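Colleague: Quick one, start_31.csv (CSV, C-alpha atoms and all ligand atoms):
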chain,number,residue,atom,x,y,z
U,1,VAL,CA,65.5,102.5,143.2
U,2,THR,CA,64.9,106.3,143.3
U,3,ALA,CA,67.7,107.1,145.7
U,4,VAL,CA,70.8,108.0,145.5
U,5,GLU,CA,73.5,110.5,145.7
U,6,ILE,CA,76.6,108.9,147.1
U,7,PRO,CA,78.1,110.8,150.0
U,8,VAL,CA,81.8,110.6,150.6
U,9,THR,CA,82.4,107.9,153.2
U,10,GLY,CA,85.4,105.8,154.1
U,11,LYS,CA,83.3,102.8,154.7
U,12,GLY,CA,83.0,99.9,152.3
U,13,ARG,CA,80.0,98.0,151.1
U,14,GLY,CA,79.0,95.7,148.2
U,15,LEU,CA,76.5,93.2,147.0
U,16,SER,CA,79.2,90.5,147.2
U,17,GLY,CA,82.7,90.1,148.7
U,18,SER,CA,81.6,90.3,152.3
U,19,SER,CA,85.0,88.9,153.5
U,20,ARG,CA,86.2,92.5,152.9
U,21,ALA,CA,84.1,93.8,155.7
U,22,LEU,CA,85.9,95.3,158.7
U,23,PRO,CA,86.6,93.0,161.6
U,24,ALA,CA,84.3,93.4,164.5
U,25,GLU,CA,86.9,94.9,166.8
U,26,GLU,CA,87.3,97.8,164.4
U,27,ILE,CA,83.7,98.9,164.5
U,28,GLU,CA,83.0,101.9,166.6
U,29,ILE,CA,80.3,101.5,169.1
U,30,ARG,CA,78.9,104.7,170.7
U,31,PHE,CA,77.3,104.2,174.1
U,32,GLY,CA,75.3,106.7,175.9
U,33,HIS,CA,72.0,108.4,176.9
U,34,GLY,CA,69.9,110.3,174.5
U,35,LEU,CA,72.3,109.5,171.6
U,36,LEU,CA,69.5,108.7,169.2
U,37,ALA,CA,67.7,112.0,169.7
U,38,GLU,CA,71.0,113.9,169.4
U,39,GLU,CA,72.3,112.1,166.4
U,40,SER,CA,69.1,111.7,164.4
U,41,ALA,CA,68.9,115.5,164.3
U,42,THR,CA,71.9,115.4,161.9
U,43,TRP,CA,70.7,112.7,159.6
U,44,PRO,CA,69.8,113.3,156.0
U,45,PRO,CA,66.6,111.7,154.7
U,46,TYR,CA,66.9,108.1,155.7
U,47,LEU,CA,65.5,104.7,155.1
U,48,VAL,CA,65.0,102.6,158.2
U,49,ALA,CA,65.1,98.7,158.3
U,50,THR,CA,63.2,97.8,161.4
U,51,SER,CA,60.2,96.0,163.1
U,52,PRO,CA,56.9,97.6,164.1
U,53,SER,CA,57.8,97.3,167.8
U,54,ALA,CA,61.3,98.6,167.5
U,55,TYR,CA,60.2,101.6,165.4
U,56,ARG,CA,57.4,102.4,167.8
U,57,ALA,CA,59.9,102.3,170.7
U,58,ALA,CA,62.4,104.5,168.8
U,59,LEU,CA,60.0,107.1,167.4
U,60,PRO,CA,59.9,109.3,170.5
U,61,HIS,CA,63.7,109.5,170.3
U,62,LEU,CA,63.9,110.3,166.6
U,63,ALA,CA,64.3,113.9,165.6
U,64,THR,CA,62.5,113.3,162.3
U,65,PRO,CA,60.7,110.2,161.2
U,66,ALA,CA,62.2,108.1,158.4
U,67,ALA,CA,61.6,108.9,154.8
U,68,ALA,CA,60.9,105.2,154.2
U,69,VAL,CA,60.3,102.4,156.6
U,70,ILE,CA,60.8,98.8,155.7
U,71,TYR,CA,59.6,96.2,158.2
U,72,VAL,CA,61.8,93.3,157.9
U,73,GLU,CA,60.1,89.9,158.3
U,74,SER,CA,62.6,87.7,156.5
U,75,LEU,CA,66.2,87.7,155.3
U,76,ASP,CA,65.2,85.9,152.1
U,77,SER,CA,67.2,87.5,149.4
U,78,LYS,CA,64.4,88.0,146.9
U,79,THR,CA,62.1,89.4,149.6
U,80,LEU,CA,64.8,91.9,150.6
U,81,ARG,CA,65.4,92.9,147.1
U,82,ALA,CA,61.7,93.4,146.3
U,83,ALA,CA,61.4,95.5,149.4
U,84,ILE,CA,64.2,97.9,148.6
U,85,GLU,CA,63.2,98.1,144.9
U,86,THR,CA,59.7,99.2,145.8
U,87,ALA,CA,60.7,101.7,148.5
U,88,ALA,CA,59.5,104.9,146.8
U,89,CYS,CA,61.5,107.8,148.2
U,90,GLN,CA,64.8,109.5,148.3
U,91,TRP,CA,67.3,108.5,151.0
U,92,LYS,CA,70.9,109.3,151.7
U,93,LEU,CA,71.4,107.0,154.7
U,94,VAL,CA,70.2,103.6,155.8
U,95,VAL,CA,69.5,103.0,159.5
U,96,GLY,CA,69.2,99.5,160.9
U,97,LEU,CA,66.9,99.8,163.9
U,98,GLY,CA,66.0,96.7,165.9
U,99,GLY,CA,67.3,93.2,166.5
U,100,GLY,CA,69.5,91.0,164.3
U,101,MET,CA,67.2,90.7,161.4
U,102,ALA,CA,66.8,94.5,161.1
U,103,VAL,CA,70.5,95.2,161.3
U,104,ASP,CA,71.3,92.5,158.8
U,105,ALA,CA,68.7,93.7,156.3
U,106,ALA,CA,70.0,97.2,156.7
U,107,LYS,CA,73.4,96.1,155.5
U,108,TYR,CA,71.9,94.7,152.3
U,109,PHE,CA,69.8,97.9,151.8
U,110,ALA,CA,72.9,100.1,152.3
U,111,ALA,CA,74.9,98.0,149.9
U,112,PHE,CA,72.1,97.9,147.3
U,113,SER,CA,71.5,101.7,147.3
U,114,ASP,CA,75.2,102.4,148.0
U,115,VAL,CA,74.7,104.9,150.8
U,116,PRO,CA,76.2,105.0,154.3
U,117,LEU,CA,74.8,102.9,157.1
U,118,VAL,CA,74.2,103.6,160.8
U,119,GLN,CA,73.3,100.7,163.1
U,120,VAL,CA,71.0,101.4,166.0
U,121,PRO,CA,70.4,98.1,167.7
U,122,THR,CA,67.5,98.2,170.1
U,123,ILE,CA,68.7,94.9,171.7
U,124,VAL,CA,72.2,93.4,171.9
U,125,SER,CA,71.1,89.9,171.1
U,126,THR,CA,73.6,88.9,168.4
U,127,GLY,CA,77.0,89.5,166.9
U,128,ALA,CA,75.2,90.8,163.8
U,129,ILE,CA,75.4,94.3,165.4
U,130,VAL,CA,79.2,94.4,164.9
U,131,HIS,CA,79.5,92.5,161.7
U,132,GLY,CA,79.5,94.1,158.2
U,133,TYR,CA,78.4,91.0,156.4
U,134,CYS,CA,74.8,89.7,156.1
U,135,GLY,CA,74.2,86.1,155.1
U,136,SER,CA,72.4,85.3,151.9
U,137,TYR,CA,69.2,83.3,152.4
U,138,GLU,CA,66.8,81.4,150.1
U,139,GLY,CA,63.9,81.2,152.5
U,140,ARG,CA,65.5,80.0,155.7
U,141,ARG,CA,68.4,78.3,154.0
U,142,LEU,CA,71.8,80.0,154.2
U,143,VAL,CA,73.4,79.9,150.7
U,144,GLY,CA,76.8,80.6,149.2
U,145,ASP,CA,80.0,81.4,151.1
U,146,ARG,CA,81.0,84.7,152.6
U,147,ASP,CA,82.4,86.0,149.3
U,148,ARG,CA,78.9,85.8,147.7
U,149,TRP,CA,77.2,87.7,150.5
U,150,ALA,CA,76.4,91.4,150.7
U,151,TRP,CA,78.0,93.6,153.2
U,152,ALA,CA,78.2,97.2,154.5
U,153,ASP,CA,80.5,98.6,157.1
U,154,CYS,CA,78.5,101.0,159.2
U,155,GLU,CA,79.7,104.5,160.1
U,156,HIS,CA,79.2,103.4,163.7
U,157,VAL,CA,76.9,101.5,166.0
U,158,LEU,CA,74.8,103.6,168.3
U,159,LEU,CA,73.7,102.0,171.5
U,160,ASP,CA,71.3,104.3,173.3
U,161,TYR,CA,70.8,102.9,176.8
U,162,GLU,CA,67.3,104.4,177.1
U,163,LEU,CA,66.2,102.4,174.1
U,164,VAL,CA,68.1,99.1,174.8
U,165,LEU,CA,67.2,98.9,178.5
U,166,GLN,CA,63.5,99.2,177.6
U,167,ALA,CA,63.6,95.8,175.9
U,168,PRO,CA,62.8,92.5,177.7
U,169,PRO,CA,66.0,91.6,179.5
U,170,HIS,CA,66.4,88.2,177.9
U,171,LEU,CA,66.6,89.7,174.4
U,172,ASN,CA,69.8,91.5,175.6
U,173,THR,CA,71.3,88.7,177.6
U,174,ALA,CA,70.8,86.5,174.5
U,175,GLY,CA,73.9,88.3,173.2
U,176,LEU,CA,76.0,86.4,175.7
U,177,GLY,CA,74.5,83.2,174.4
U,178,ASP,CA,75.9,84.1,171.0
U,179,VAL,CA,79.3,84.4,172.7
U,180,LEU,CA,79.3,81.5,175.1
U,181,CYS,CA,77.9,79.1,172.4
U,182,GLU,CA,81.5,78.8,171.2
U,183,TYR,CA,81.9,76.4,174.1
U,184,SER,CA,80.6,73.8,171.7
U,185,GLY,CA,84.0,73.8,170.0
U,186,ILE,CA,85.8,73.4,173.3
U,187,ALA,CA,83.5,70.4,174.1
U,188,GLU,CA,84.2,68.8,170.7
U,189,TRP,CA,87.9,69.3,171.0
U,190,ARG,CA,88.1,68.0,174.6
U,191,SER,CA,86.0,64.9,173.7
U,192,ARG,CA,88.5,64.1,171.0
U,193,ASN,CA,91.7,64.9,172.7
U,194,HIS,CA,91.2,64.8,176.5
U,195,GLN,CA,94.3,67.0,176.5
U,196,THR,CA,96.6,64.1,175.9
U,197,HIS,CA,97.4,64.2,172.2
U,198,ALA,CA,97.0,67.9,171.6
U,199,GLY,CA,99.8,70.0,170.5
U,200,ARG,CA,100.7,73.0,172.6
U,201,THR,CA,99.3,75.5,170.1
U,202,GLU,CA,95.9,73.8,170.1
U,203,LEU,CA,95.7,73.7,173.8
U,204,ALA,CA,96.7,77.3,174.0
U,205,GLU,CA,93.9,78.3,171.7
U,206,ILE,CA,91.4,76.4,173.8
U,207,VAL,CA,92.7,77.8,177.0
U,208,GLN,CA,92.5,81.4,175.9
U,209,LEU,CA,88.9,80.9,174.7
U,210,GLU,CA,88.0,79.4,178.0
U,211,ALA,CA,89.6,82.3,179.9
U,212,PHE,CA,87.6,84.7,177.7
U,213,HIS,CA,84.4,83.0,178.6
U,214,ARG,CA,85.3,82.8,182.4
U,215,SER,CA,86.0,86.5,182.4
U,216,ILE,CA,82.6,87.3,181.0
U,217,ILE,CA,80.8,84.8,183.4
U,218,SER,CA,82.5,86.3,186.4
U,219,ALA,CA,82.0,90.0,185.3
U,220,PHE,CA,78.4,89.8,184.3
U,221,PRO,CA,76.8,89.4,187.8
U,222,ARG,CA,78.7,92.4,189.0
U,223,THR,CA,77.1,94.6,186.4
U,224,LEU,CA,73.6,93.9,187.7
U,225,ASP,CA,71.7,96.2,190.1
U,226,PRO,CA,70.8,95.0,193.6
U,227,GLN,CA,67.5,93.6,192.3
U,228,GLY,CA,69.4,91.6,189.6
U,229,ALA,CA,68.3,93.8,186.7
U,230,LEU,CA,70.4,94.8,183.8
U,231,THR,CA,72.2,98.1,183.9
U,232,GLU,CA,74.2,100.2,181.5
U,233,ALA,CA,77.2,98.3,182.5
U,234,SER,CA,75.5,95.0,181.6
U,235,ILE,CA,74.7,96.3,178.1
U,236,CYS,CA,78.2,97.5,177.7
U,237,LEU,CA,79.6,94.2,178.8
U,238,ILE,CA,77.4,92.3,176.4
U,239,ALA,CA,78.2,94.5,173.4
U,240,GLU,CA,81.9,94.5,174.1
U,241,SER,CA,81.9,90.7,174.5
U,242,LEU,CA,80.2,90.3,171.1
U,243,GLN,CA,82.8,92.6,169.7
U,244,ALA,CA,85.8,90.8,171.3
U,245,ARG,CA,84.4,87.4,170.4
U,246,ASP,CA,85.8,87.0,166.9
U,247,ALA,CA,89.4,87.6,167.9
U,248,HIS,CA,89.1,84.8,170.5
U,249,ARG,CA,87.6,82.4,168.1
U,250,VAL,CA,89.1,78.9,167.8
U,251,SER,CA,89.4,77.5,164.3
U,252,LEU,CA,90.8,74.1,164.9
U,253,PRO,CA,89.5,71.2,162.7
U,254,CYS,CA,88.8,69.2,165.9
U,255,ALA,CA,86.8,72.1,167.5
U,256,PRO,CA,83.8,72.6,165.1
U,257,ASN,CA,80.9,74.8,166.3
U,258,ALA,CA,77.8,73.0,165.4
U,259,ASP,CA,75.6,75.3,167.5
U,260,HIS,CA,74.9,77.8,164.7
U,261,ALA,CA,74.2,74.9,162.3
U,262,PHE,CA,71.8,73.6,164.9
U,263,LEU,CA,69.9,77.0,164.9
U,264,LEU,CA,69.7,77.0,161.1
U,265,ALA,CA,68.4,73.5,161.0
U,266,LEU,CA,65.9,74.1,163.8
U,267,GLU,CA,64.5,77.1,162.0
U,268,GLN,CA,64.4,75.4,158.6
U,269,ALA,CA,62.9,72.2,159.9
U,270,ASN,CA,60.1,74.0,161.7
U,271,ASP,CA,59.7,77.1,159.5
U,272,ARG,CA,59.8,79.6,162.3
U,273,SER,CA,62.4,81.8,164.0
U,274,TRP,CA,63.8,81.8,167.4
U,275,ILE,CA,66.0,84.3,169.3
U,276,HIS,CA,69.4,83.8,167.8
U,277,GLY,CA,71.6,83.9,170.9
U,278,GLU,CA,69.2,81.7,172.9
U,279,ALA,CA,68.9,79.0,170.2
U,280,VAL,CA,72.7,78.8,169.6
U,281,ALA,CA,73.2,78.5,173.4
U,282,LEU,CA,70.8,75.6,173.4
U,283,GLY,CA,72.8,74.2,170.4
U,284,ALA,CA,76.0,74.4,172.4
U,285,LEU,CA,74.4,72.7,175.3
U,286,ILE,CA,73.2,69.8,173.1
U,287,VAL,CA,76.7,69.4,171.7
U,288,SER,CA,78.4,69.5,175.2
U,289,TRP,CA,75.9,67.0,176.5
U,290,HIS,CA,76.4,64.7,173.6
U,291,CYS,CA,80.2,65.0,174.0
U,292,ASP,CA,79.8,64.6,177.7
U,293,GLU,CA,81.9,67.6,178.3
U,294,ALA,CA,80.6,69.5,181.3
U,295,PRO,CA,77.0,70.3,180.1
U,296,THR,CA,75.8,71.0,183.6
U,297,GLN,CA,78.6,73.6,184.0
U,298,LEU,CA,77.6,75.2,180.8
U,299,ALA,CA,73.9,75.3,181.8
U,300,SER,CA,74.8,76.9,185.0
U,301,ASP,CA,77.1,79.5,183.3
U,302,LEU,CA,74.3,80.4,180.9
U,303,ASP,CA,72.0,80.8,184.0
U,304,THR,CA,74.5,83.0,185.6
U,305,CYS,CA,74.5,85.2,182.5
U,306,GLN,CA,70.7,85.1,182.4
U,307,VAL,CA,70.8,83.4,178.9
U,308,ARG,CA,67.7,81.4,178.4
U,309,TRP,CA,68.3,77.9,176.9
U,310,CYS,CA,65.6,75.6,178.2
U,311,PRO,CA,63.3,74.4,175.4
U,312,GLY,CA,60.2,75.3,177.5
U,313,GLN,CA,61.3,78.9,177.9
U,314,LEU,CA,62.2,79.2,174.2
U,315,SER,CA,58.9,77.6,173.2
U,316,ILE,CA,60.6,74.7,171.5
U,317,SER,CA,58.5,71.6,171.7
U,318,LYS,CA,60.0,68.1,171.9
U,319,GLU,CA,58.8,67.4,168.3
U,320,GLN,CA,60.3,70.7,167.0
U,321,LEU,CA,63.6,69.9,168.7
U,322,TRP,CA,63.7,66.4,167.2
U,323,ASN,CA,62.8,67.8,163.8
U,324,GLY,CA,65.7,70.2,164.1
U,325,ILE,CA,68.2,67.7,165.2
U,326,SER,CA,67.2,65.2,162.5
U,327,LEU,CA,67.6,67.8,159.8
U,328,LEU,CA,70.9,68.9,161.3
U,329,THR,CA,72.2,65.3,161.2
U,330,LYS,CA,71.3,65.0,157.6
U,331,GLN,CA,72.9,68.4,156.7
U,332,LEU,CA,76.1,67.5,158.5
U,333,ARG,CA,76.3,64.2,156.7
U,334,ASP,CA,75.7,65.9,153.3
U,335,ALA,CA,78.3,68.6,153.8
U,336,PRO,CA,81.6,66.9,153.9
U,337,ASP,CA,83.5,70.2,153.3
U,338,ALA,CA,81.8,72.0,156.2
U,339,HIS,CA,83.7,72.6,159.4
U,340,GLU,CA,80.8,71.2,161.3
U,341,HIS,CA,81.2,67.9,159.5
U,342,ALA,CA,83.7,67.0,162.2
U,343,SER,CA,81.1,67.3,164.9
U,344,LEU,CA,80.3,64.3,167.1
U,345,LEU,CA,76.7,65.0,166.1
U,346,HIS,CA,77.7,63.7,162.6
U,347,ARG,CA,80.2,61.0,163.7
U,348,ARG,CA,77.8,59.6,166.2
U,349,PRO,CA,74.3,60.9,165.4
U,350,LEU,CA,71.7,61.2,168.2
U,351,THR,CA,69.5,58.1,168.1
U,352,ALA,CA,65.9,58.3,169.1
U,353,ASN,CA,66.8,56.7,172.4
U,354,ARG,CA,69.6,59.1,173.1
U,355,PHE,CA,67.3,62.0,172.2
U,356,GLU,CA,65.0,60.9,175.0
U,357,GLN,CA,67.9,61.1,177.4
U,358,LEU,CA,68.8,64.5,176.0
U,359,TRP,CA,65.2,65.7,176.4
U,360,SER,CA,65.2,64.7,180.1
U,361,PHE,CA,68.6,66.4,180.7
U,362,LEU,CA,67.3,69.6,179.1
U,363,ASN,CA,64.2,69.6,181.3
U,364,GLN,CA,65.4,68.0,184.5
U,365,ASP,CA,65.8,71.0,186.7
U,366,ALA,CA,63.5,73.4,185.0
U,367,ASP,CA,63.2,75.9,187.9
U,368,PRO,CA,60.2,78.2,187.2
U,369,GLU,CA,61.7,80.9,189.4
U,370,SER,CA,65.1,81.3,187.6
U,371,ARG,CA,63.8,80.2,184.2
U,372,GLY,CA,60.5,82.0,184.1
U,401,ZN,ZN,75.7,84.1,166.1
Kindly present the structure from the file in structure tokens form.
Ligand SMILES: [Zn+2]
Modeller:
Amino acid sequence: VTAVEIPVTGKGRGLSGSSRALPAEEIEIRFGHGLLAEESATWPPYLVATSPSAYRAALPHLATPAAAVIYVESLDSKTLRAAIETAACQWKLVVGLGGGMAVDAAKYFAAFSDVPLVQVPTIVSTGAIVHGYCGSYEGRRLVGDRDRWAWADCEHVLLDYELVLQAPPHLNTAGLGDVLCEYSGIAEWRSRNHQTHAGRTELAEIVQLEAFHRSIISAFPRTLDPQGALTEASICLIAESLQARDAHRVSLPCAPNADHAFLLALEQANDRSWIHGEAVALGALIVSWHCDEAPTQLASDLDTCQVRWCPGQLSISKEQLWNGISLLTKQLRDAPDAHEHASLLHRRPLTANRFEQLWSFLNQDADPESRG
């Protein structure tokens, strides 16, 4: 690495120990118009972690182009390390510009070169935009626990409406999928307890999470313009929901969230990526269907929030879904210490027969108008 003077900054970072990262609610998000143009004029030479489409969209807003550009195609640790080691330039700032993969890689690059980080998400599709940690991957396999992961608290997150509202709407509403997917824990908990044996504390945790979800589901439609398109208020609501999410998280042993494990297994089994917030929403729907805890309601709530979940829309074939679920079943079985081990998907794995029923449920009312 040829960088690096270390500017004075109050923010932490490191190649391990990511549990020290700031909680999401303490991250500053700056919302506004023309923010990128204004702020990039003050940046020192910077390295950008991005994708070709995000960088192209952002270029007209950047006061100066980046000193070095890394197009992030994978979060595999060795790939990231090779990319930053061969970046031949001087930089004093790392900018994450794009979706979840770009902002996650930017954390690693900032930690590796020990310089400050500014996050400029071009979509609000995942909680990664307000988290300091970035998971460590071998290929598509998440490895180690949070204390082994790299992290970098950003100076702030910059959400420039001009940039974010340019993106296909579903990439933004996917962010609400990454929030509402936590319904999977509620479904698991309810299917075990049916409210009868639960202590008051447990019930209170579940109820507050449900209330959080309901408040988002009722607020979202009011942020849309008369044609049903996203507005600045929608972007704000999505980003703020992602930020508020962690504080509402339920961590009961009986309320595991297998939705994220589903996404990882799906991607690993099929060796391709899907949109994070959409795939975890589908994961939550599968859990709630399997637990028989209001899956139709969840589907309709996701529709209300314009979160895509239908396999057809996500381009997930029947075979790919089966591959993902089969691998998930195996992974849940083999990880007795994981929180998700308590999932009904482990205790009563989906049989081939039951998978057929699931597939018809997921495709039953595919409405081309609302799901197109
Ligand atoms: Zn997530």
Colleague: Could you tell me how far atom CA of Ala24 of chain U sits from atom CA of Ala233 of chain U, in Å to one decimal place?
Modeller: 20.0 Å
Colleague: Name the residues, by chain letter and number, that sit within 7 Å of ligand ZN 401 (chain U) using all atoms listed in the file, and give them as a ChimeraX atom specification.
Modeller: /U:126-127,178,260,276-277
Colleague: Set the distance at 10 Å and use only C-alpha atoms: which residues neighbour Lys11 of chain U once local chain neighbours fewer than 6 positions away are removed? I'd like the list as a PDB file with C-alpha atoms, in the frame of the given file.
Modeller:
ATOM      1  CA  ALA U  21      84.100  93.800 155.700  1.00  0.00           C
ATOM      2  CA  LEU U  22      85.900  95.300 158.700  1.00  0.00           C
ATOM      3  CA  VAL U 115      74.700 104.900 150.800  1.00  0.00           C
ATOM      4  CA  PRO U 116      76.200 105.000 154.300  1.00  0.00           C
ATOM      5  CA  LEU U 117      74.800 102.900 157.100  1.00  0.00           C
ATOM      6  CA  ALA U 152      78.200  97.200 154.500  1.00  0.00           C
ATOM      7  CA  ASP U 153      80.500  98.600 157.100  1.00  0.00           C
ATOM      8  CA  CYS U 154      78.500 101.000 159.200  1.00  0.00           C
ATOM      9  CA  GLU U 155      79.700 104.500 160.100  1.00  0.00           C
ATOM     10  CA  HIS U 156      79.200 103.400 163.700  1.00  0.00           C
TER      11      HIS U 156
END
Colleague: Here is a test: counting only C-alpha atoms, which residue of U:Glu188, U:Glu210, U:Asp76, U:Glu240 is nearest to Ile29 of chain U?
Modeller: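 Under the stated criterion, the closest residue is U:Glu240.
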Colleague: Please tell me which residues are no farther than 10 Å from (65.6, 76.0, 176.6) in the file, counting only C-alpha atoms, and write them as a PDB file with C-alpha atoms, in the coordinates of the input.
Modeller:
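Result file follows (result38.pdb):
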ATOM      1  CA  GLU U 278      69.200  81.700 172.900  1.00  0.00           C
ATOM      2  CA  ALA U 279      68.900  79.000 170.200  1.00  0.00           C
ATOM      3  CA  ALA U 281      73.200  78.500 173.400  1.00  0.00           C
ATOM      4  CA  LEU U 282      70.800  75.600 173.400  1.00  0.00           C
ATOM      5  CA  GLY U 283      72.800  74.200 170.400  1.00  0.00           C
ATOM      6  CA  LEU U 285      74.400  72.700 175.300  1.00  0.00           C
ATOM      7  CA  ALA U 299      73.900  75.300 181.800  1.00  0.00           C
ATOM      8  CA  VAL U 307      70.800  83.400 178.900  1.00  0.00           C
ATOM      9  CA  ARG U 308      67.700  81.400 178.400  1.00  0.00           C
ATOM     10  CA  TRP U 309      68.300  77.900 176.900  1.00  0.00           C
ATOM     11  CA  CYS U 310      65.600  75.600 178.200  1.00  0.00           C
ATOM     12  CA  PRO U 311      63.300  74.400 175.400  1.00  0.00           C
ATOM     13  CA  GLY U 312      60.200  75.300 177.500  1.00  0.00           C
ATOM     14  CA  GLN U 313      61.300  78.900 177.900  1.00  0.00           C
ATOM     15  CA  LEU U 314      62.200  79.200 174.200  1.00  0.00           C
ATOM     16  CA  SER U 315      58.900  77.600 173.200  1.00  0.00           C
ATOM     17  CA  ILE U 316      60.600  74.700 171.500  1.00  0.00           C
ATOM     18  CA  SER U 317      58.500  71.600 171.700  1.00  0.00           C
ATOM     19  CA  LEU U 362      67.300  69.600 179.100  1.00  0.00           C
ATOM     20  CA  ASN U 363      64.200  69.600 181.300  1.00  0.00           C
ATOM     21  CA  ALA U 366      63.500  73.400 185.000  1.00  0.00           C
ATOM     22  CA  ARG U 371      63.800  80.200 184.200  1.00  0.00           C
TER      23      ARG U 371
END
Colleague: My list of candidates is U:Gly34, U:Pro226, U:Gly175, U:Gly324. Which is closest to Asn270 of chain U when distances are computed with all atoms listed in the file?
Modeller: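 With all atoms listed in the file as the atom set, the closest residue is U:Gly324.
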Colleague: Please provide as a CSV table (one decimal) with C-alpha atoms, in the frame of the given file all residues within 10 Å of Tyr55 of chain U, with the sequence filter that same-chain residues fewer than 5 positions apart are discarded (counting only C-alpha atoms).
Modeller:
chain,number,residue,atom,x,y,z
U,48,VAL,CA,65.0,102.6,158.2
U,49,ALA,CA,65.1,98.7,158.3
U,50,THR,CA,63.2,97.8,161.4
U,60,PRO,CA,59.9,109.3,170.5
U,61,HIS,CA,63.7,109.5,170.3
U,62,LEU,CA,63.9,110.3,166.6
U,65,PRO,CA,60.7,110.2,161.2
U,66,ALA,CA,62.2,108.1,158.4
U,69,VAL,CA,60.3,102.4,156.6
U,71,TYR,CA,59.6,96.2,158.2
U,97,LEU,CA,66.9,99.8,163.9
U,98,GLY,CA,66.0,96.7,165.9
U,122,THR,CA,67.5,98.2,170.1
Colleague: As an exercise, work out the distance from atom CA of Leu75 of chain U to atom CA of His131 of chain U in Å and give it to one decimal place.
Modeller: 15.5 Å
Colleague: For a test of reading the model, state the distance in Å between atom CA of Val124 of chain U and atom CA of Asn172 of chain U, rounded to one decimal.
Modeller: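 Computing the Euclidean distance for atom CA of Val124 of chain U and atom CA of Asn172 of chain U yields 4.8 Å.
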Colleague: Do a neighbour search on Arg222 of chain U at 12 Å with all atoms listed in the file, toss out local chain neighbours closer than 2 positions, and write the hits as a list of chain:residue names.
Modeller: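 Contacts, with the query itself left out: U:Ser215, U:Ile216, U:Ile217, U:Ser218, U:Ala219, U:Phe220, U:Leu224, U:Asp225, U:Pro226, U:Gln227, U:Gly228, U:Ala229, U:Leu230, U:Thr231, U:Glu232, U:Ala233, U:Ser234, U:Leu237, U:Thr304, U:Cys305.
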Colleague: Could you turn the residues from that selection into a file that holds C-alpha atoms, as an mmCIF file, in the frame of the given file?
Modeller:
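Full text of selection.cif as output:
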data_model
loop_
_atom_site.group_PDB
_atom_site.id
_atom_site.type_symbol
_atom_site.label_atom_id
_atom_site.label_comp_id
_atom_site.auth_asym_id
_atom_site.auth_seq_id
_atom_site.Cartn_x
_atom_site.Cartn_y
_atom_site.Cartn_z
ATOM 1 C CA SER U 215 86.000 86.500 182.400
ATOM 2 C CA ILE U 216 82.600 87.300 181.000
ATOM 3 C CA ILE U 217 80.800 84.800 183.400
ATOM 4 C CA SER U 218 82.500 86.300 186.400
ATOM 5 C CA ALA U 219 82.000 90.000 185.300
ATOM 6 C CA PHE U 220 78.400 89.800 184.300
ATOM 7 C CA LEU U 224 73.600 93.900 187.700
ATOM 8 C CA ASP U 225 71.700 96.200 190.100
ATOM 9 C CA PRO U 226 70.800 95.000 193.600
ATOM 10 C CA GLN U 227 67.500 93.600 192.300
ATOM 11 C CA GLY U 228 69.400 91.600 189.600
ATOM 12 C CA ALA U 229 68.300 93.800 186.700
ATOM 13 C CA LEU U 230 70.400 94.800 183.800
ATOM 14 C CA THR U 231 72.200 98.100 183.900
ATOM 15 C CA GLU U 232 74.200 100.200 181.500
ATOM 16 C CA ALA U 233 77.200 98.300 182.500
ATOM 17 C CA SER U 234 75.500 95.000 181.600
ATOM 18 C CA LEU U 237 79.600 94.200 178.800
ATOM 19 C CA THR U 304 74.500 83.000 185.600
ATOM 20 C CA CYS U 305 74.500 85.200 182.500
#
Colleague: Point out the residue among U:Leu142, U:Ile235, U:Leu158, U:Leu209 with the least atom-to-atom distance to Gln119 of chain U, counting all atoms listed in the file.
Modeller: U:Leu158
Colleague: Keeping N, CA, C and O atoms, write segment 139-144 of chain U of the structure just shown out as a short mmCIF file (atom, residue, chain, number, x, y, z; two decimals), in the first residue's frame.
Modeller:
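Saved the output as decode-v2.cif:
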data_model
loop_
_atom_site.label_atom_id
_atom_site.label_comp_id
_atom_site.auth_asym_id
_atom_site.auth_seq_id
_atom_site.Cartn_x
_atom_site.Cartn_y
_atom_site.Cartn_z
N GLY U 139 -14.97 -16.85 -0.30
CA GLY U 139 -15.93 -17.03 -1.39
C GLY U 139 -17.25 -16.44 -0.95
O GLY U 139 -17.32 -15.27 -0.58
N ARG U 140 -18.30 -17.26 -0.92
CA ARG U 140 -19.60 -16.78 -0.47
C ARG U 140 -19.93 -17.22 0.95
O ARG U 140 -21.03 -17.06 1.42
N ARG U 141 -18.94 -17.82 1.61
CA ARG U 141 -19.19 -18.33 2.96
C ARG U 141 -18.74 -17.32 4.00
O ARG U 141 -17.59 -16.87 3.99
N LEU U 142 -19.66 -16.97 4.88
CA LEU U 142 -19.36 -16.04 5.97
C LEU U 142 -18.55 -16.79 7.01
O LEU U 142 -18.94 -17.87 7.44
N VAL U 143 -17.40 -16.23 7.40
CA VAL U 143 -16.55 -16.96 8.35
C VAL U 143 -16.23 -16.13 9.59
O VAL U 143 -16.20 -14.90 9.55
N GLY U 144 -15.99 -16.84 10.68
CA GLY U 144 -15.59 -16.19 11.92
C GLY U 144 -16.76 -15.48 12.58
O GLY U 144 -17.82 -15.35 12.01
#
